[in-house]
>>> print(open('work-v8.txt').read())   # compact mmCIF, C-alpha atoms
# COMPACT_ATOMS: atom_id res chain seq x y z
CA MET B 293 78.22 80.36 54.29
CA LYS B 294 75.72 81.43 56.92
CA LYS B 295 76.51 84.78 58.47
CA ASP B 296 77.17 84.87 62.22
CA SER B 297 73.98 86.35 63.72
CA ARG B 298 75.53 87.25 67.07
CA LYS B 299 75.39 90.96 67.74
CA ILE B 300 78.31 92.94 69.06
CA PRO B 301 77.33 94.30 72.51
CA GLN B 302 76.58 98.00 72.66
CA PRO B 303 78.87 100.40 74.54
CA TRP B 304 78.22 100.50 78.28
CA GLU B 305 78.54 103.64 80.39
CA PHE B 306 79.18 104.03 84.11
CA ASN B 307 78.74 107.24 86.08
CA SER B 308 79.45 108.07 89.71
CA ALA B 309 81.71 110.13 91.91
CA SER B 310 85.45 109.48 91.77
CA LEU B 311 88.14 110.14 94.36
CA SER B 312 88.53 113.80 93.40
CA TYR B 313 85.39 114.69 91.46
CA GLY B 314 81.69 114.60 92.16
CA LYS B 315 81.00 113.26 88.67
CA ALA B 316 83.07 110.85 86.62
CA ASN B 317 82.28 108.75 83.56
CA VAL B 318 83.71 105.75 81.73
CA LYS B 319 82.42 104.15 78.54
CA ILE B 320 83.32 100.55 77.70
CA GLU B 321 83.02 99.28 74.15
CA VAL B 322 83.14 95.52 73.58
CA GLN B 323 84.72 94.32 70.35
CA GLU B 324 84.12 91.09 68.43
CA ARG B 325 85.34 87.82 69.89
CA ASN B 326 88.70 86.60 68.58
CA PRO B 327 90.32 83.79 70.62
CA GLN B 328 93.34 83.84 68.28
CA LEU B 329 94.50 87.21 69.58
CA GLU B 330 96.10 88.21 72.86
CA PRO B 331 93.71 89.64 75.48
CA ARG B 332 93.39 93.32 74.62
CA VAL B 333 92.17 96.39 76.48
CA GLU B 334 92.69 99.83 74.98
CA TRP B 335 92.52 102.65 77.51
CA ARG B 336 91.56 106.11 76.28
CA VAL B 337 91.45 109.42 78.13
CA GLY B 338 88.87 111.83 76.79
CA GLY B 339 88.76 109.95 73.48
CA ARG B 340 92.54 110.01 73.04
CA HIS B 341 94.61 106.83 73.00
CA PHE B 342 96.42 106.30 76.29
CA TYR B 343 97.62 102.68 76.47
CA SER B 344 96.82 99.32 74.89
CA THR B 345 97.62 95.99 76.54
CA ASP B 346 98.53 94.34 73.22
CA CYS B 347 101.59 96.61 73.20
CA ALA B 348 102.75 95.72 76.71
CA LYS B 349 106.31 96.82 75.94
CA CYS B 350 104.93 100.38 75.83
CA PHE B 351 103.87 100.02 79.46
CA ALA B 352 107.33 101.10 80.59
CA ASP B 353 106.79 104.47 78.89
CA LEU B 354 104.01 105.37 81.33
CA LYS B 355 105.01 107.28 84.43
CA TYR B 356 103.63 105.87 87.66
CA SER B 357 102.77 107.50 90.97
CA VAL B 358 100.49 106.90 93.95
CA ALA B 359 98.08 109.24 95.76
CA ARG B 360 95.69 106.85 97.52
CA THR B 361 95.26 105.26 94.07
CA SER B 362 97.40 104.26 91.11
CA ILE B 363 98.10 107.10 88.67
CA TYR B 364 99.54 106.65 85.18
CA GLU B 365 100.79 109.47 83.00
CA SER B 366 101.71 109.53 79.32
CA SER B 367 103.95 112.06 77.51
CA GLU B 368 104.77 115.48 78.89
CA GLY B 369 103.86 119.12 78.48
CA ALA B 370 100.65 120.31 76.90
CA HIS B 371 99.73 116.84 75.57
CA ALA B 372 100.18 114.95 78.85
CA LEU B 373 97.35 112.67 79.92
CA LYS B 374 96.74 111.21 83.38
CA LEU B 375 94.62 108.20 84.26
CA ALA B 376 93.79 107.38 87.88
CA SER B 377 91.84 104.72 89.79
CA SER B 378 91.88 102.01 87.13
CA GLU B 379 92.49 99.26 89.69
CA HIS B 380 88.81 98.42 90.34
CA LEU B 381 87.96 98.12 86.65
CA ALA B 382 91.06 96.50 85.14
CA PRO B 383 90.56 93.06 86.81
CA VAL B 384 87.08 92.69 85.28
CA PHE B 385 88.62 92.18 81.84
CA LEU B 386 90.28 89.00 83.14
CA MET B 387 86.87 87.38 82.74
CA TRP B 388 86.82 87.53 78.93
CA PRO B 389 90.36 87.04 77.54
CA SER B 390 89.08 86.34 74.01
CA ARG B 391 87.34 89.72 73.84
CA SER B 392 88.77 93.11 73.02
CA PHE B 393 87.66 96.16 75.02
CA VAL B 394 87.96 99.90 74.48
CA VAL B 395 87.73 101.89 77.72
CA ASP B 396 87.26 105.65 77.43
CA VAL B 397 87.48 107.63 80.68
CA THR B 398 86.18 111.20 80.60
CA CYS B 399 88.86 113.73 81.49
CA ASN B 400 88.75 117.25 82.88
CA GLU B 401 90.23 120.34 81.28
CA ASN B 402 93.81 119.56 82.38
CA GLY B 403 93.86 116.09 80.82
CA THR B 404 93.30 114.14 84.06
CA ALA B 405 90.80 111.28 84.14
CA GLU B 406 89.55 109.23 87.09
CA VAL B 407 87.55 106.03 86.77
CA PRO B 408 84.21 106.28 88.65
CA LEU B 409 84.27 104.66 92.07
CA MET B 410 80.72 103.29 91.79
CA ASP B 411 80.20 101.50 95.15
CA GLY B 412 83.94 101.14 95.71
CA SER B 413 84.18 97.62 94.29
CA ALA B 414 84.46 95.91 90.90
CA LEU B 415 81.02 94.34 91.22
CA PRO B 416 78.93 96.99 89.35
CA PHE B 417 81.33 96.82 86.40
CA PHE B 418 81.31 93.02 86.36
CA LEU B 419 77.54 92.57 86.69
CA ALA B 420 76.81 95.01 83.86
CA LEU B 421 79.41 93.52 81.55
CA ARG B 422 78.26 90.00 82.41
CA LYS B 423 74.84 90.89 80.95
CA ASN B 424 76.47 92.61 78.00
CA VAL B 425 79.30 90.22 77.12
CA GLY B 426 78.17 86.80 78.31
CA VAL B 427 79.44 83.95 80.44
CA PRO B 428 82.99 84.40 81.79
CA GLU B 429 85.65 82.39 80.01
CA GLU B 430 88.68 80.42 81.10
CA LEU B 431 91.25 82.74 82.67
CA ALA B 432 94.59 83.46 81.01
CA PHE B 433 97.80 82.91 82.99
CA TYR B 434 101.52 83.21 82.36
CA ASP B 435 104.42 81.46 84.08
CA ALA B 436 106.44 83.66 86.45
CA PRO B 437 109.18 81.62 88.18
CA VAL B 438 109.98 84.38 90.65
CA HIS B 439 111.50 83.90 94.10
CA ALA B 440 111.71 87.16 96.04
CA ALA B 441 111.08 88.63 99.48
CA TRP B 442 111.49 92.07 101.02
CA ASP B 443 110.39 94.19 103.95
CA LEU B 444 108.23 97.30 103.66
CA PHE B 445 109.23 100.56 105.34
CA ARG B 446 107.27 103.77 105.74
CA THR B 447 108.33 106.58 103.41
CA ASP B 448 106.71 109.28 105.59
CA ARG B 449 108.61 108.35 108.75
CA HIS B 450 112.15 107.54 109.81
CA ASP B 451 111.25 104.25 111.46
CA SER B 452 113.95 101.62 111.04
CA LYS B 453 111.49 98.84 111.85
CA PRO B 454 109.57 97.39 108.88
CA TYR B 455 105.78 97.67 109.00
CA GLY B 456 105.09 94.97 106.42
CA SER B 457 106.55 92.47 104.00
CA VAL B 458 106.11 90.74 100.64
CA LYS B 459 107.09 87.24 99.55
CA ILE B 460 106.75 85.79 96.03
CA THR B 461 107.12 82.15 95.02
CA PRO B 462 106.03 80.25 91.87
CA SER B 463 102.63 78.55 91.88
CA GLU B 464 100.28 76.57 89.66
CA ALA B 465 97.84 79.50 89.49
CA PHE B 466 97.46 82.86 91.27
CA GLU B 467 97.37 82.67 95.05
CA VAL B 468 97.38 85.48 97.62
CA GLU B 469 97.50 85.66 101.38
CA TYR B 470 96.91 89.29 102.37
CA VAL B 471 97.15 90.53 105.96
CA LEU B 472 96.36 94.02 107.24
CA ASP B 473 97.55 94.76 110.76
CA ARG B 474 97.78 98.43 111.63
CA ASN B 475 98.50 99.63 115.15
CA ASP B 476 99.21 103.31 115.87
CA GLY B 477 99.15 102.90 119.65
CA GLU B 478 95.61 104.21 120.08
CA ARG B 479 93.73 101.94 117.72
CA ARG B 480 94.31 98.66 115.94
CA PHE B 481 92.88 97.57 112.61
CA THR B 482 93.18 93.97 111.41
CA SER B 483 91.85 91.98 108.46
CA ALA B 484 93.17 88.94 106.61
CA ALA B 485 92.10 86.91 103.57
CA SER B 486 93.49 84.11 101.43
CA VAL B 487 92.43 83.57 97.82
CA SER B 488 93.41 80.94 95.26
CA ILE B 489 92.35 81.90 91.75
CA TYR B 490 92.16 79.01 89.30
CA SER B 491 89.01 80.05 87.42
CA ALA B 492 86.67 82.99 86.89
CA GLU B 493 84.31 81.94 89.69
CA HIS B 494 87.07 82.44 92.27
CA LEU B 495 87.13 86.16 91.47
CA TYR B 496 83.54 86.98 92.47
CA ASN B 497 84.09 87.53 96.22
CA VAL B 498 87.14 89.65 95.42
CA PHE B 499 85.16 91.78 92.96
CA ALA B 500 82.46 92.31 95.61
CA ALA B 501 84.85 93.77 98.21
CA ARG B 502 84.48 97.54 98.60
CA THR B 503 87.22 100.08 99.16
CA PHE B 504 87.62 101.33 102.71
CA ILE B 505 89.22 104.04 104.77
CA LEU B 506 89.63 104.52 108.51
CA LYS B 507 87.73 107.51 109.88
CA ASN B 508 90.83 109.26 111.21
CA GLU B 509 92.56 108.85 107.82
CA PHE B 510 89.46 110.20 106.05
CA ASP B 511 89.34 113.26 108.29
CA GLU B 512 93.03 113.94 107.71
CA ALA B 513 92.64 113.56 103.94
CA ARG B 514 89.70 115.96 103.84
CA LYS B 515 91.66 118.55 105.85
CA ALA B 516 94.44 118.22 103.27
CA GLY B 517 91.99 118.90 100.43
CA LEU B 518 91.90 115.29 99.18
CA LEU B 519 89.04 112.88 98.45
CA GLY B 520 86.83 115.72 97.23
CA GLY B 521 84.50 113.44 95.27
CA VAL B 522 84.00 110.76 97.91
CA ASP B 523 80.69 110.26 99.67
CA SER B 524 79.07 107.47 101.70
CA SER B 525 78.13 105.49 98.57
CA CYS B 526 81.74 105.07 97.47
CA GLY B 527 82.89 102.43 99.96
CA LEU B 528 83.33 101.66 103.64
CA LEU B 529 84.13 104.20 106.37
CA LEU B 530 85.64 102.22 109.23
CA ASP B 531 86.18 103.30 112.82
CA ASP B 532 88.67 101.82 115.31
CA SER B 533 88.37 98.27 113.99
CA ALA B 534 87.27 96.48 110.86
CA GLU B 535 84.09 95.31 112.59
CA ALA B 536 82.87 98.62 113.99
CA ASN B 537 79.61 100.12 112.75
CA VAL B 538 79.61 98.41 109.39
CA SER B 539 78.05 95.38 107.71
CA PHE B 540 80.48 93.56 105.46
CA ARG B 541 79.34 92.33 102.06
CA VAL B 542 81.83 89.44 102.10
CA ALA B 543 84.00 87.99 104.86
CA ASP B 544 87.24 89.85 105.52
CA GLU B 545 86.12 92.56 103.10
CA PRO B 546 88.98 95.04 103.74
CA ALA B 547 91.68 92.45 103.02
CA ARG B 548 89.77 91.14 100.02
CA HIS B 549 89.60 94.66 98.66
CA LYS B 550 93.37 94.93 98.96
CA ILE B 551 93.53 91.79 96.81
CA LEU B 552 91.26 93.55 94.29
CA ASP B 553 93.66 96.52 94.27
CA LEU B 554 96.53 94.09 93.76
CA LEU B 555 94.78 92.44 90.80
CA GLY B 556 94.09 95.84 89.30
CA ASP B 557 97.69 96.97 89.66
CA LEU B 558 98.94 93.75 88.05
CA CYS B 559 96.32 93.48 85.29
CA PHE B 560 96.36 97.04 83.98
CA MET B 561 99.48 96.10 82.03
CA LYS B 562 97.85 92.96 80.57
CA PRO B 563 94.64 91.05 81.49
CA LYS B 564 96.51 87.89 82.42
CA LEU B 565 97.52 86.55 85.83
CA PRO B 566 101.03 85.46 86.82
CA LYS B 567 101.36 81.97 88.27
CA VAL B 568 102.69 83.03 91.66
CA ARG B 569 101.90 82.76 95.34
CA LEU B 570 102.03 86.07 97.21
CA GLU B 571 102.25 86.58 100.95
CA ILE B 572 101.67 90.26 101.74
CA ILE B 573 101.53 92.05 105.09
CA ASN B 574 100.37 95.68 105.07
CA GLY B 575 100.90 96.12 101.34
CA GLY B 576 99.63 98.89 99.10
CA HIS B 577 99.90 100.26 95.60
CA LEU B 578 103.65 100.85 95.82
CA SER B 579 104.37 97.28 96.91
CA HIS B 580 101.99 96.01 94.22
CA ARG B 581 104.03 97.97 91.69
CA THR B 582 107.22 96.30 92.88
CA ILE B 583 105.56 92.89 92.52
CA LEU B 584 104.60 93.80 88.95
CA GLU B 585 108.18 94.80 88.18
CA LYS B 586 109.33 91.35 89.39
CA VAL B 587 106.93 89.43 87.13
CA LEU B 588 106.89 91.87 84.20
CA PRO B 589 109.74 90.21 82.20
CA TYR B 590 107.67 87.00 82.06
CA ALA B 591 104.52 88.80 80.88
CA LEU B 592 106.13 90.41 77.82
>>> encode(input="work-v8.txt", output="structure tokens")
Amino acid sequence: MKKDSRKIPQPWEFNSASLSYGKANVKIEVQERNPQLEPRVEWRVGGRHFYSTDCAKCFADLKYSVARTSIYESSEGAHALKLASSEHLAPVFLMWPSRSFVVDVTCNENGTAEVPLMDGSALPFFLALRKNVGVPEELAFYDAPVHAAWDLFRTDRHDSKPYGSVKITPSEAFEVEYVLDRNDGERRFTSAASVSIYSAEHLYNVFAARTFILKNEFDEARKAGLLGGVDSSCGLLLDDSAEANVSFRVADEPARHKILDLLGDLCFMKPKLPKVRLEIINGGHLSHRTILEKVLPYAL
């Protein structure tokens, strides 16, 4: 029998600033193709096993928190590991469900690791892996017959009026309508995008959308000692409106980036998409987490 001459792609490394650190690194190793197995991504922190998507039942053992990004934590005490900012990288693995990936994120001395921000989008990861891995494949989906709706309330205020909402209904694929509409009385920020994902090509404009922050929020975060690694190459700094002083890479880039965050929060558990339609107003990582909890029983 003739031996398969295809070579296994070499490990790929990415380096840039992260949210908290001026330098961050992630190495991605691509395993041999095996369409008979479930899509698999093993996440490591500093070379130590953190989580593998082929053991999705273990996902519930990870602690979850939010600090402008999704943060996962395993175990406790001296052996605790933290992984942050996976949401821009995790969706890229949707493109090759028959492949297995090992992702090793460099950690600092206290066991905390942050994925590099690159330009604030998923595009640098995708373009590099596209050269390394090959043509994207047919996406993997799972049925999620969920009907749910709820309002979103601010946790930092005592407002009784909701500032956003989420609605989930079953669909033939993965569909999202995402609206951002923020109004603090002095300034208003709006952006909206709708995406229907039936195949890999529908993900490109979502992958290209960069992260963003309003200037007043950035100034407040810096005063609080946050975002220490962020510079102008890491995303979009917006003023009073989404259109001010910035050139968008894709239409409705802020809302499309929120869809990228949503994909990342859903796909970290497993690189498959639920067949649902989502209508989200002013969502964020916490509401994405609640969506995941609704569809999780159907993904296991």
>>> closest_residue(input="work-v8.txt", among="B:Ala414, B:Ala441, B:Cys347, B:Ala492", to="Thr461 of chain B", atoms="all atoms listed in the file")
B:Ala441
>>> closest_residue(input="work-v8.txt", among="B:Glu330, B:Ala309, B:Ser367, B:Met387", to="Asp353 of chain B", atoms="only C-alpha atoms")
B:Ser367
>>> residues_around(input="work-v8.txt", residues="Ala372 of chain B", least_positions_apart="6", cutoff="9 Å", atoms="only C-alpha atoms", output="mmCIF file with C-alpha atoms, in the coordinates of the input")
data_model
loop_
_atom_site.group_PDB
_atom_site.id
_atom_site.type_symbol
_atom_site.label_atom_id
_atom_site.label_comp_id
_atom_site.auth_asym_id
_atom_site.auth_seq_id
_atom_site.Cartn_x
_atom_site.Cartn_y
_atom_site.Cartn_z
ATOM 1 C CA GLU B 365 100.790 109.470 83.000
ATOM 2 C CA SER B 366 101.710 109.530 79.320
ATOM 3 C CA ASN B 402 93.810 119.560 82.380
ATOM 4 C CA GLY B 403 93.860 116.090 80.820
ATOM 5 C CA THR B 404 93.300 114.140 84.060
#
>>> atom_distance(input="work-v8.txt", atom1="atom CA of Ala485 of chain B", atom2="atom CA of Gly576 of chain B")
14.8 Å
>>> residues_around(input="work-v8.txt", residues="Gln302 of chain B", least_positions_apart="4", cutoff="9 Å", atoms="all atoms listed in the file", output="VMD selection string")
chain B and resid 320 to 322 424
>>> write_last_selection(input="work-v8.txt", atoms="C-alpha atoms", output="PDB file, keeping the file's coordinate frame")
ATOM      1  CA  ILE B 320      83.320 100.550  77.700  1.00  0.00           C
ATOM      2  CA  GLU B 321      83.020  99.280  74.150  1.00  0.00           C
ATOM      3  CA  VAL B 322      83.140  95.520  73.580  1.00  0.00           C
ATOM      4  CA  ASN B 424      76.470  92.610  78.000  1.00  0.00           C
TER       5      ASN B 424
END
>>> closest_residue(input="work-v8.txt", among="B:His580, B:Lys550, B:Arg474, B:Arg391", to="Val498 of chain B", atoms="only C-alpha atoms")
B:Lys550
>>> atom_distance(input="work-v8.txt", atom1="atom CA of Gly517 of chain B", atom2="atom CA of Leu311 of chain B")
11.3 Å
>>> atom_distance(input="work-v8.txt", atom1="atom CA of Ser312 of chain B", atom2="atom CA of Arg480 of chain B")
27.8 Å
>>> residues_around(input="work-v8.txt", residues="Val538 of chain B", least_positions_apart="5", cutoff="10 Å", atoms="only C-alpha atoms", output="list of chain:residue names")
B:Leu528, B:Leu529, B:Leu530, B:Asp531, B:Ser533
>>> residues_around(input="work-v8.txt", residues="segment 395-397 of chain B", least_positions_apart="4", cutoff="7 Å", atoms="all atoms listed in the file", output="list in words")
Asn317, Val318, Lys319, Ile320, Glu321, Glu334, Trp335, Arg336, Val337, Gly338, Gly339, Ala405, Glu406 and Val407 of chain B
>>> residues_around(input="work-v8.txt", residues="Pro566 of chain B", least_positions_apart="5", cutoff="6 Å", atoms="all atoms listed in the file", output="PyMOL selection string")
chain B and resi 433-436
>>> axis_aligned_box(input="work-v8.txt", around="segment 554-562 of chain B", padding_each_side="8 Å", output="lines of an AutoDock Vina configuration file")
center_x = 96.8
center_y = 94.7
center_z = 87.2
size_x = 21.4
size_y = 20.6
size_z = 29.2
>>> closest_residue(input="work-v8.txt", among="B:Leu558, B:Val394, B:Ala359, B:Leu415", to="Ala376 of chain B", atoms="all atoms listed in the file")
B:Ala359
>>> closest_residue(input="work-v8.txt", among="B:Ser579, B:Ser310, B:Ser413, B:Asn475", to="Tyr496 of chain B", atoms="all atoms listed in the file")
B:Ser413
>>> build_atoms(input="work-v8.txt", residues="segment 378-391 of chain B", atoms="N, CA and C atoms", output="mmCIF file, in the coordinates of the input")
data_model
loop_
_atom_site.group_PDB
_atom_site.id
_atom_site.type_symbol
_atom_site.label_atom_id
_atom_site.label_comp_id
_atom_site.auth_asym_id
_atom_site.auth_seq_id
_atom_site.Cartn_x
_atom_site.Cartn_y
_atom_site.Cartn_z
ATOM 1 N N SER B 378 92.255 103.093 88.045
ATOM 2 C CA SER B 378 91.880 102.010 87.130
ATOM 3 C C SER B 378 91.812 100.658 87.817
ATOM 4 N N GLU B 379 92.280 100.568 89.075
ATOM 5 C CA GLU B 379 92.490 99.260 89.690
ATOM 6 C C GLU B 379 91.215 98.484 89.999
ATOM 7 N N HIS B 380 90.052 99.143 90.094
ATOM 8 C CA HIS B 380 88.810 98.420 90.340
ATOM 9 C C HIS B 380 88.183 97.918 89.047
ATOM 10 N N LEU B 381 88.529 98.509 87.940
ATOM 11 C CA LEU B 381 87.960 98.120 86.650
ATOM 12 C C LEU B 381 88.847 97.141 85.893
ATOM 13 N N ALA B 382 90.147 97.323 85.933
ATOM 14 C CA ALA B 382 91.060 96.500 85.140
ATOM 15 C C ALA B 382 90.900 94.996 85.370
ATOM 16 N N PRO B 383 90.680 94.519 86.617
ATOM 17 C CA PRO B 383 90.560 93.060 86.810
ATOM 18 C C PRO B 383 89.349 92.441 86.143
ATOM 19 N N VAL B 384 88.297 93.232 85.876
ATOM 20 C CA VAL B 384 87.080 92.690 85.280
ATOM 21 C C VAL B 384 87.364 92.094 83.906
ATOM 22 N N PHE B 385 88.322 92.658 83.191
ATOM 23 C CA PHE B 385 88.620 92.180 81.840
ATOM 24 C C PHE B 385 89.323 90.824 81.844
ATOM 25 N N LEU B 386 89.760 90.368 83.028
ATOM 26 C CA LEU B 386 90.280 89.000 83.140
ATOM 27 C C LEU B 386 89.228 87.978 82.745
ATOM 28 N N MET B 387 87.953 88.326 82.930
ATOM 29 C CA MET B 387 86.870 87.380 82.740
ATOM 30 C C MET B 387 86.647 86.965 81.285
ATOM 31 N N TRP B 388 87.089 87.806 80.343
ATOM 32 C CA TRP B 388 86.820 87.530 78.930
ATOM 33 C C TRP B 388 88.094 87.732 78.100
ATOM 34 N N PRO B 389 89.078 86.843 78.227
ATOM 35 C CA PRO B 389 90.360 87.040 77.540
ATOM 36 C C PRO B 389 90.276 86.964 76.013
ATOM 37 N N SER B 390 89.192 86.400 75.470
ATOM 38 C CA SER B 390 89.080 86.340 74.010
ATOM 39 C C SER B 390 88.406 87.584 73.424
ATOM 40 N N ARG B 391 87.973 88.480 74.292
ATOM 41 C CA ARG B 391 87.340 89.720 73.840
ATOM 42 C C ARG B 391 88.345 90.858 73.802
#
